[in-house]
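**Student:** Below you'll find input-v3.pdb; it's PDB, C-alpha atoms.
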ATOM      1  CA  MET A   1      87.079   3.884  20.555
ATOM      2  CA  LYS A   2      83.936   5.933  19.948
ATOM      3  CA  PRO A   3      83.102   8.241  22.892
ATOM      4  CA  ALA A   4      79.855   7.631  24.743
ATOM      5  CA  ILE A   5      79.246  11.273  25.617
ATOM      6  CA  SER A   6      80.095  14.576  23.944
ATOM      7  CA  VAL A   7      80.461  17.606  26.220
ATOM      8  CA  ILE A   8      79.495  20.758  24.312
ATOM      9  CA  ILE A   9      80.558  24.136  25.704
ATOM     10  CA  PRO A  10      79.377  27.283  23.910
ATOM     11  CA  THR A  11      81.660  30.146  24.813
ATOM     12  CA  TYR A  12      82.231  33.828  24.214
ATOM     13  CA  ASN A  13      85.340  35.241  25.927
ATOM     14  CA  ARG A  14      85.493  34.606  29.727
ATOM     15  CA  LEU A  15      88.687  32.545  29.684
ATOM     16  CA  VAL A  16      88.914  32.239  33.476
ATOM     17  CA  GLY A  17      85.582  30.446  33.647
ATOM     18  CA  LEU A  18      86.503  28.224  30.712
ATOM     19  CA  LYS A  19      89.697  27.095  32.438
ATOM     20  CA  TYR A  20      87.743  26.133  35.561
ATOM     21  CA  THR A  21      85.332  24.138  33.408
ATOM     22  CA  LEU A  22      88.080  22.331  31.501
ATOM     23  CA  GLU A  23      90.022  21.559  34.682
ATOM     24  CA  SER A  24      86.920  19.870  36.108
ATOM     25  CA  LEU A  25      86.571  17.815  32.924
ATOM     26  CA  VAL A  26      90.170  16.623  33.203
ATOM     27  CA  LYS A  27      89.348  15.255  36.680
ATOM     28  CA  GLN A  28      86.270  13.234  35.681
ATOM     29  CA  GLU A  29      86.125   9.627  36.909
ATOM     30  CA  LEU A  30      84.820   8.425  33.536
ATOM     31  CA  ASP A  31      87.534   6.922  31.340
ATOM     32  CA  LYS A  32      88.979   9.616  29.046
ATOM     33  CA  ALA A  33      88.303   7.438  25.992
ATOM     34  CA  CYS A  34      84.581   7.536  26.792
ATOM     35  CA  TYR A  35      84.100  11.292  26.388
ATOM     36  CA  GLU A  36      85.048  14.168  24.137
ATOM     37  CA  VAL A  37      84.904  17.919  24.710
ATOM     38  CA  LEU A  38      83.825  20.401  22.046
ATOM     39  CA  VAL A  39      84.488  24.070  22.771
ATOM     40  CA  CYS A  40      82.202  26.040  20.445
ATOM     41  CA  ASP A  41      83.372  29.618  20.149
ATOM     42  CA  ASP A  42      80.731  32.228  19.264
ATOM     43  CA  GLY A  43      83.299  34.648  17.827
ATOM     44  CA  SER A  44      85.371  35.479  20.919
ATOM     45  CA  ALA A  45      87.767  38.409  20.789
ATOM     46  CA  GLU A  46      89.907  36.708  23.432
ATOM     47  CA  ASP A  47      92.250  33.862  22.443
ATOM     48  CA  THR A  48      90.028  30.932  23.343
ATOM     49  CA  TYR A  49      91.904  28.611  20.994
ATOM     50  CA  SER A  50      95.098  28.928  23.046
ATOM     51  CA  ILE A  51      93.245  27.757  26.163
ATOM     52  CA  VAL A  52      91.891  24.751  24.285
ATOM     53  CA  LYS A  53      95.394  23.905  23.049
ATOM     54  CA  GLU A  54      96.615  23.733  26.655
ATOM     55  CA  TYR A  55      94.335  20.732  27.254
ATOM     56  CA  GLU A  56      95.068  18.696  24.136
ATOM     57  CA  ASN A  57      97.220  16.227  26.086
ATOM     58  CA  ASP A  58      94.658  15.821  28.885
ATOM     59  CA  LEU A  59      91.358  15.640  27.014
ATOM     60  CA  ASN A  60      89.900  14.563  23.699
ATOM     61  CA  ILE A  61      89.177  18.209  22.992
ATOM     62  CA  TYR A  62      88.173  20.025  19.822
ATOM     63  CA  TYR A  63      87.751  23.678  18.975
ATOM     64  CA  GLU A  64      85.006  24.977  16.699
ATOM     65  CA  TYR A  65      84.623  28.634  15.742
ATOM     66  CA  GLN A  66      81.938  30.786  14.176
ATOM     67  CA  GLU A  67      82.262  34.433  13.216
ATOM     68  CA  ASP A  68      81.009  37.021  15.678
ATOM     69  CA  LYS A  69      77.615  38.099  14.329
ATOM     70  CA  GLY A  70      76.030  38.897  17.677
ATOM     71  CA  PHE A  71      74.668  36.513  20.305
ATOM     72  CA  ARG A  72      74.391  33.102  18.625
ATOM     73  CA  ALA A  73      74.606  30.559  21.443
ATOM     74  CA  ALA A  74      71.971  28.375  19.756
ATOM     75  CA  ALA A  75      74.036  28.224  16.572
ATOM     76  CA  ALA A  76      77.189  27.490  18.606
ATOM     77  CA  ARG A  77      75.460  24.561  20.317
ATOM     78  CA  ASN A  78      74.251  23.277  16.943
ATOM     79  CA  MET A  79      77.818  23.476  15.685
ATOM     80  CA  GLY A  80      78.769  21.176  18.554
ATOM     81  CA  ILE A  81      75.913  18.741  17.886
ATOM     82  CA  LYS A  82      76.952  18.406  14.248
ATOM     83  CA  LYS A  83      80.564  17.635  15.193
ATOM     84  CA  ALA A  84      79.719  15.371  18.162
ATOM     85  CA  THR A  85      80.354  11.637  17.881
ATOM     86  CA  GLY A  86      78.932  10.543  21.252
ATOM     87  CA  ASP A  87      75.437   9.097  21.604
ATOM     88  CA  VAL A  88      74.756  11.552  24.452
ATOM     89  CA  CYS A  89      75.272  15.323  24.319
ATOM     90  CA  LEU A  90      75.954  17.127  27.589
ATOM     91  CA  PHE A  91      75.648  20.911  27.396
ATOM     92  CA  ILE A  92      77.401  23.004  30.001
ATOM     93  CA  ASP A  93      78.065  26.721  30.000
ATOM     94  CA  ASN A  94      81.462  28.331  30.228
ATOM     95  CA  GLY A  95      82.158  28.522  33.968
ATOM     96  CA  ILE A  96      80.211  25.426  35.008
ATOM     97  CA  ILE A  97      82.537  23.386  37.237
ATOM     98  CA  LEU A  98      81.702  19.688  37.428
ATOM     99  CA  HIS A  99      81.981  17.258  40.313
ATOM    100  CA  LYS A 100      84.217  14.349  39.300
ATOM    101  CA  ASP A 101      81.256  11.937  38.994
ATOM    102  CA  VAL A 102      79.059  14.086  36.738
ATOM    103  CA  LEU A 103      79.748  12.324  33.448
ATOM    104  CA  ASN A 104      79.290   8.919  35.059
ATOM    105  CA  GLU A 105      75.969  10.048  36.522
ATOM    106  CA  HIS A 106      74.603  11.349  33.228
ATOM    107  CA  MET A 107      75.603   8.147  31.449
ATOM    108  CA  ARG A 108      74.095   5.972  34.198
ATOM    109  CA  ILE A 109      70.695   7.652  33.911
ATOM    110  CA  HIS A 110      70.653   7.492  30.121
ATOM    111  CA  ASN A 111      71.702   3.837  30.102
ATOM    112  CA  GLU A 112      69.111   2.802  32.692
ATOM    113  CA  SER A 113      66.162   4.536  30.996
ATOM    114  CA  SER A 114      63.938   2.876  28.405
ATOM    115  CA  ARG A 115      62.916   6.324  27.133
ATOM    116  CA  PRO A 116      64.984   9.197  25.736
ATOM    117  CA  CYS A 117      65.949  11.418  28.671
ATOM    118  CA  ALA A 118      66.184  15.159  29.208
ATOM    119  CA  ILE A 119      68.468  15.353  32.231
ATOM    120  CA  VAL A 120      68.826  18.480  34.365
ATOM    121  CA  GLY A 121      72.050  18.656  36.365
ATOM    122  CA  TYR A 122      72.209  20.363  39.747
ATOM    123  CA  VAL A 123      73.995  23.735  39.738
ATOM    124  CA  TYR A 124      75.175  25.191  43.041
ATOM    125  CA  GLY A 125      75.341  28.973  43.105
ATOM    126  CA  PHE A 126      73.321  29.520  39.952
ATOM    127  CA  ASP A 127      71.534  32.818  40.411
ATOM    128  CA  VAL A 128      70.538  35.271  37.690
ATOM    129  CA  PHE A 129      71.483  38.219  39.896
ATOM    130  CA  GLU A 130      74.654  36.657  41.378
ATOM    131  CA  SER A 131      73.902  37.882  44.902
ATOM    132  CA  ASN A 132      76.606  35.574  46.328
ATOM    133  CA  GLU A 133      79.230  36.281  43.676
ATOM    134  CA  ASP A 134      82.225  37.172  45.864
ATOM    135  CA  ALA A 135      81.597  34.375  48.360
ATOM    136  CA  ILE A 136      81.275  31.749  45.619
ATOM    137  CA  LYS A 137      84.482  32.875  43.934
ATOM    138  CA  LYS A 138      86.460  32.647  47.192
ATOM    139  CA  ILE A 139      85.073  29.194  47.980
ATOM    140  CA  VAL A 140      85.884  27.882  44.493
ATOM    141  CA  GLU A 141      89.356  29.406  44.420
ATOM    142  CA  ASN A 142      90.379  27.997  47.829
ATOM    143  CA  ASN A 143      88.921  24.473  47.734
ATOM    144  CA  THR A 144      88.650  21.347  45.634
ATOM    145  CA  VAL A 145      85.445  21.090  43.610
ATOM    146  CA  GLU A 146      84.073  18.448  45.950
ATOM    147  CA  ASN A 147      84.847  20.487  49.087
ATOM    148  CA  ALA A 148      83.465  23.655  47.499
ATOM    149  CA  ILE A 149      80.180  21.872  46.751
ATOM    150  CA  GLN A 150      79.970  20.660  50.345
ATOM    151  CA  ILE A 151      80.614  24.162  51.700
ATOM    152  CA  LEU A 152      78.051  25.763  49.385
ATOM    153  CA  GLY A 153      75.469  23.220  50.504
ATOM    154  CA  GLU A 154      76.221  23.862  54.170
ATOM    155  CA  ILE A 155      75.800  27.636  53.833
ATOM    156  CA  GLY A 156      72.600  27.274  51.815
ATOM    157  CA  VAL A 157      73.878  28.359  48.407
ATOM    158  CA  GLY A 158      72.155  25.756  46.258
ATOM    159  CA  ASP A 159      70.489  25.796  42.852
ATOM    160  CA  VAL A 160      68.115  28.734  42.369
ATOM    161  CA  ARG A 161      65.479  26.170  41.280
ATOM    162  CA  GLU A 162      65.624  24.392  44.659
ATOM    163  CA  LYS A 163      62.257  25.790  45.786
ATOM    164  CA  PHE A 164      60.690  24.260  42.685
ATOM    165  CA  TYR A 165      62.372  20.885  43.184
ATOM    166  CA  LYS A 166      61.264  20.635  46.825
ATOM    167  CA  GLU A 167      57.700  21.652  45.993
ATOM    168  CA  PHE A 168      57.350  18.664  43.680
ATOM    169  CA  SER A 169      59.638  16.218  45.549
ATOM    170  CA  ASP A 170      62.164  16.210  42.677
ATOM    171  CA  ASP A 171      59.636  14.409  40.439
ATOM    172  CA  ILE A 172      59.844  16.685  37.421
ATOM    173  CA  ASP A 173      58.854  14.140  34.758
ATOM    174  CA  HIS A 174      55.212  14.116  35.832
ATOM    175  CA  LEU A 175      54.895  17.890  35.754
ATOM    176  CA  PRO A 176      52.748  19.449  33.030
ATOM    177  CA  ALA A 177      55.394  22.123  32.346
ATOM    178  CA  PRO A 178      58.882  20.696  33.025
ATOM    179  CA  PHE A 179      60.290  22.883  30.255
ATOM    180  CA  VAL A 180      60.488  25.808  32.696
ATOM    181  CA  LEU A 181      63.403  24.013  34.412
ATOM    182  CA  PHE A 182      65.363  23.100  31.323
ATOM    183  CA  TRP A 183      68.186  25.631  31.437
ATOM    184  CA  THR A 184      71.110  24.688  29.230
ATOM    185  CA  CYS A 185      73.760  25.689  31.774
ATOM    186  CA  HIS A 186      73.885  21.944  32.617
ATOM    187  CA  VAL A 187      71.652  19.463  30.758
ATOM    188  CA  SER A 188      72.004  16.341  28.639
ATOM    189  CA  MET A 189      70.003  14.362  26.099
ATOM    190  CA  SER A 190      70.682  11.868  23.342
ATOM    191  CA  ARG A 191      72.165  13.198  20.130
ATOM    192  CA  LYS A 192      69.472  11.304  18.200
ATOM    193  CA  SER A 193      66.701  13.146  20.030
ATOM    194  CA  LEU A 194      68.369  16.477  19.241
ATOM    195  CA  ILE A 195      68.606  15.625  15.550
ATOM    196  CA  ASP A 196      65.010  14.366  15.517
ATOM    197  CA  ILE A 197      63.625  17.618  16.968
ATOM    198  CA  GLY A 198      65.688  19.819  14.655
ATOM    199  CA  MET A 199      68.327  20.926  17.185
ATOM    200  CA  PHE A 200      68.350  24.437  18.686
ATOM    201  CA  ASP A 201      66.262  27.204  17.148
ATOM    202  CA  GLU A 202      68.810  29.670  15.764
ATOM    203  CA  SER A 203      66.300  32.510  15.565
ATOM    204  CA  PHE A 204      67.121  33.243  19.239
ATOM    205  CA  THR A 205      69.797  35.921  18.938
ATOM    206  CA  THR A 206      69.612  37.544  22.375
ATOM    207  CA  TRP A 207      70.250  35.979  25.776
ATOM    208  CA  GLY A 208      67.693  33.377  26.906
ATOM    209  CA  GLY A 209      64.794  31.449  25.444
ATOM    210  CA  GLU A 210      66.524  28.840  23.307
ATOM    211  CA  ASP A 211      66.759  26.482  26.291
ATOM    212  CA  ILE A 212      63.027  26.718  27.066
ATOM    213  CA  ASP A 213      62.388  26.076  23.386
ATOM    214  CA  ILE A 214      64.507  22.909  23.371
ATOM    215  CA  GLY A 215      62.756  21.794  26.567
ATOM    216  CA  LEU A 216      59.363  22.227  24.907
ATOM    217  CA  ALA A 217      60.546  20.316  21.857
ATOM    218  CA  LEU A 218      61.840  17.463  24.023
ATOM    219  CA  GLN A 219      58.569  17.322  25.970
ATOM    220  CA  LYS A 220      56.631  17.084  22.699
ATOM    221  CA  TYR A 221      59.077  14.366  21.593
ATOM    222  CA  GLY A 222      58.193  12.314  24.667
ATOM    223  CA  ALA A 223      61.475  12.608  26.558
ATOM    224  CA  LYS A 224      61.637  11.682  30.232
ATOM    225  CA  PHE A 225      62.651  14.701  32.342
ATOM    226  CA  VAL A 226      65.043  13.785  35.150
ATOM    227  CA  LEU A 227      66.528  15.919  37.920
ATOM    228  CA  ALA A 228      70.024  14.514  38.495
ATOM    229  CA  ARG A 229      70.886  15.778  41.989
ATOM    230  CA  ASN A 230      74.055  13.686  42.027
ATOM    231  CA  ALA A 231      75.268  15.330  38.815
ATOM    232  CA  MET A 232      76.558  18.212  40.919
ATOM    233  CA  SER A 233      78.222  21.333  39.576
ATOM    234  CA  ILE A 234      79.063  24.905  40.522
ATOM    235  CA  HIS A 235      78.310  28.033  38.544
ATOM    236  CA  TYR A 236      81.415  30.238  38.639
ATOM    237  CA  PRO A 237      80.125  33.847  38.686
ATOM    238  CA  HIS A 238      80.614  36.088  35.678
ATOM    239  CA  LYS A 239      79.229  39.253  34.186
ATOM    240  CA  LYS A 240      75.950  38.503  32.436
ATOM    241  CA  GLU A 241      75.474  38.997  28.717
ATOM    242  CA  PHE A 242      72.564  41.226  29.704
ATOM    243  CA  ASP A 243      72.416  43.638  32.639
ATOM    244  CA  PHE A 244      69.025  42.838  34.174
ATOM    245  CA  ALA A 245      69.352  45.241  37.073
ATOM    246  CA  ASN A 246      70.087  48.312  34.954
ATOM    247  CA  GLU A 247      67.999  47.485  31.887
ATOM    248  CA  SER A 248      64.908  45.878  33.410
ATOM    249  CA  ASP A 249      62.408  47.403  30.959
ATOM    250  CA  LYS A 250      64.395  46.162  27.997
ATOM    251  CA  ALA A 251      64.801  42.745  29.622
ATOM    252  CA  ASP A 252      61.066  42.471  30.260
ATOM    253  CA  ARG A 253      60.356  43.341  26.625
ATOM    254  CA  HIS A 254      62.742  40.659  25.390
ATOM    255  CA  VAL A 255      61.151  38.063  27.680
ATOM    256  CA  ASP A 256      57.621  38.983  26.549
ATOM    257  CA  GLU A 257      58.592  38.793  22.883
ATOM    258  CA  LYS A 258      60.160  35.378  23.351
ATOM    259  CA  LYS A 259      57.183  34.050  25.272
ATOM    260  CA  GLU A 260      54.864  35.222  22.503
ATOM    261  CA  TYR A 261      57.075  33.554  19.887
ATOM    262  CA  LEU A 262      57.131  30.283  21.820
ATOM    263  CA  TYR A 263      53.342  30.313  22.189
ATOM    264  CA  ARG A 264      52.997  30.706  18.430
ATOM    265  CA  LYS A 265      55.379  27.790  18.002
ATOM    266  CA  TYR A 266      53.809  25.610  20.730
ATOM    267  CA  PRO A 267      50.156  26.765  21.077
ATOM    268  CA  THR A 268      49.308  24.716  24.177
ATOM    269  CA  ARG A 269      47.486  25.579  27.388
ATOM    270  CA  ALA A 270      50.729  25.175  29.354
ATOM    271  CA  VAL A 271      52.657  27.625  27.196
ATOM    272  CA  TYR A 272      49.776  30.102  27.159
ATOM    273  CA  LEU A 273      49.629  30.159  30.967
ATOM    274  CA  TRP A 274      53.426  30.436  31.072
ATOM    275  CA  THR A 275      53.201  33.643  29.035
ATOM    276  CA  GLN A 276      50.895  35.056  31.709
ATOM    277  CA  THR A 277      52.956  34.332  34.831
ATOM    278  CA  ASN A 278      56.478  34.536  36.237
ATOM    279  CA  ASP A 279      55.788  31.918  38.932
ATOM    280  CA  ASP A 280      56.807  28.523  37.552
ATOM    281  CA  VAL A 281      55.665  26.637  40.669
ATOM    282  CA  GLU A 282      52.212  28.206  40.506
ATOM    283  CA  LEU A 283      52.020  27.495  36.770
ATOM    284  CA  ASN A 284      52.508  23.775  37.324
ATOM    285  CA  LYS A 285      50.063  23.712  40.255
ATOM    286  CA  ILE A 286      47.349  25.355  38.142
ATOM    287  CA  LEU A 287      47.879  22.888  35.311
ATOM    288  CA  MET A 288      47.860  19.929  37.710
ATOM    289  CA  ASP A 289      44.634  21.160  39.305
ATOM    290  CA  GLU A 290      43.043  21.587  35.887
ATOM    291  CA  ALA A 291      44.082  18.060  34.878
ATOM    292  CA  ALA A 292      42.677  16.639  38.124
ATOM    293  CA  THR A 293      39.348  18.402  37.554
ATOM    294  CA  ILE A 294      39.092  17.040  34.016
ATOM    295  CA  ASN A 295      39.969  13.489  35.084
ATOM    296  CA  HIS A 296      37.868  13.500  38.268
ATOM    297  CA  PRO A 297      34.935  15.887  37.800
ATOM    298  CA  GLN A 298      32.824  16.589  40.860
TER     299      GLN A 298
END
Could you show the structure in this file as structure tokens?
**Tutor:**
Amino acid sequence: MKPAISVIIPTYNRLVGLKYTLESLVKQELDKACYEVLVCDDGSAEDTYSIVKEYENDLNIYYEYQEDKGFRAAAARNMGIKKATGDVCLFIDNGIILHKDVLNEHMRIHNESSRPCAIVGYVYGFDVFESNEDAIKKIVENNTVENAIQILGEIGVGDVREKFYKEFSDDIDHLPAPFVLFWTCHVSMSRKSLIDIGMFDESFTTWGGEDIDIGLALQKYGAKFVLARNAMSIHYPHKKEFDFANESDKADRHVDEKKEYLYRKYPTRAVYLWTQTNDDVELNKILMDEAATINHPQ
């Protein structure tokens, strides 16, 4: 039986987080025959393959490896796309822990839509600076996934994008710049759409940017952007590939360079304004106001 959905996990070391992710995939409500898991190793020094082997009897799981030549998450994801056999590709990061209904929810939305979808899953505890790191770890380690999600919601540790979602009443498809939300820690789209847009841009070789790029490509392609609140997950804290707090000048330079590259690649008003601001809510408000003025001049 051909799987309906391929779960693609790029990884580089961090075996503890990977085990949490794989355990949550074992417990999915979707029939095991309907999904496959591809662990795409970006040259780990740790023995990732041994972890994958532990789950061969519980999952349709496959291990792909590429040599360590620096940060190549985009290439690792492309490796997964090429090997995938499902019609839908779900990308989750190492350490993303899924509620048992996540795969069902992604498939439901894709199946019910007449347009190709770019689905954004909800990620409790996702925070670039990991301000709640210790608390999240204790909650995850001492509870079921479902109970941990409930507790995190009750104490106000939601998705860092929650302010954005509330501002626009969760309706992200009608936004002029939905690409700002498309972070590949937990997203899905059809494999056909990924092939059609040329997959991930492998010129991104430092942390960040390749997800915004794929979001821009999917917007240009005409995909429907959907916030899937019921596709709930938890981000298990880990050390970042880049130390923002201690290397802020370097981080800012990387961000500026990537924004400039993306504007050259997608020379639109939305991307230009995005290069000028760090406030994604304000960016979308400005663009919506400009569109309203054009459509309804005084």
**Student:** Would you translate the PyMOL selection byres ((chain A and resi 222-238) around 8) into the concrete set of residues it matches in this file, as a count of residues only?
**Tutor:** 41
**Student:** Would you kindly translate the PyMOL selection byres ((chain A and resi 269-286) around 7) into the concrete residues it picks from this file, as a PyMOL selection string?
**Tutor:** chain A and resi 164+175-177+180+259-260+263+266-268+287-290
**Student:** Using all atoms listed in the file, which of the listed residues (A:Leu25, A:Leu15, A:Ile81, A:Val145) sits closest to A:Thr48?
**Tutor:**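 That would be A:Leu15, the residue with the smallest distance to A:Thr48.
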**Student:** For a cutoff of 12 Å around the file-coordinate point (73.4, 29.2, 20.2), which residues qualify once you count only C-alpha atoms? I'd like the result as JSON, numbers by chain.
**Tutor:** {"A": [8, 9, 10, 11, 12, 40, 41, 42, 43, 66, 68, 69, 70, 71, 72, 73, 74, 75, 76, 77, 78, 79, 80, 81, 91, 93, 184, 199, 200, 201, 202, 203, 204, 205, 206, 207, 208, 209, 210, 211, 213, 214]}
**Student:** To one decimal in Å, tell me the separation between atom CA of A:His174 and atom CA of A:Ala292.
**Tutor:** 13.0 Å
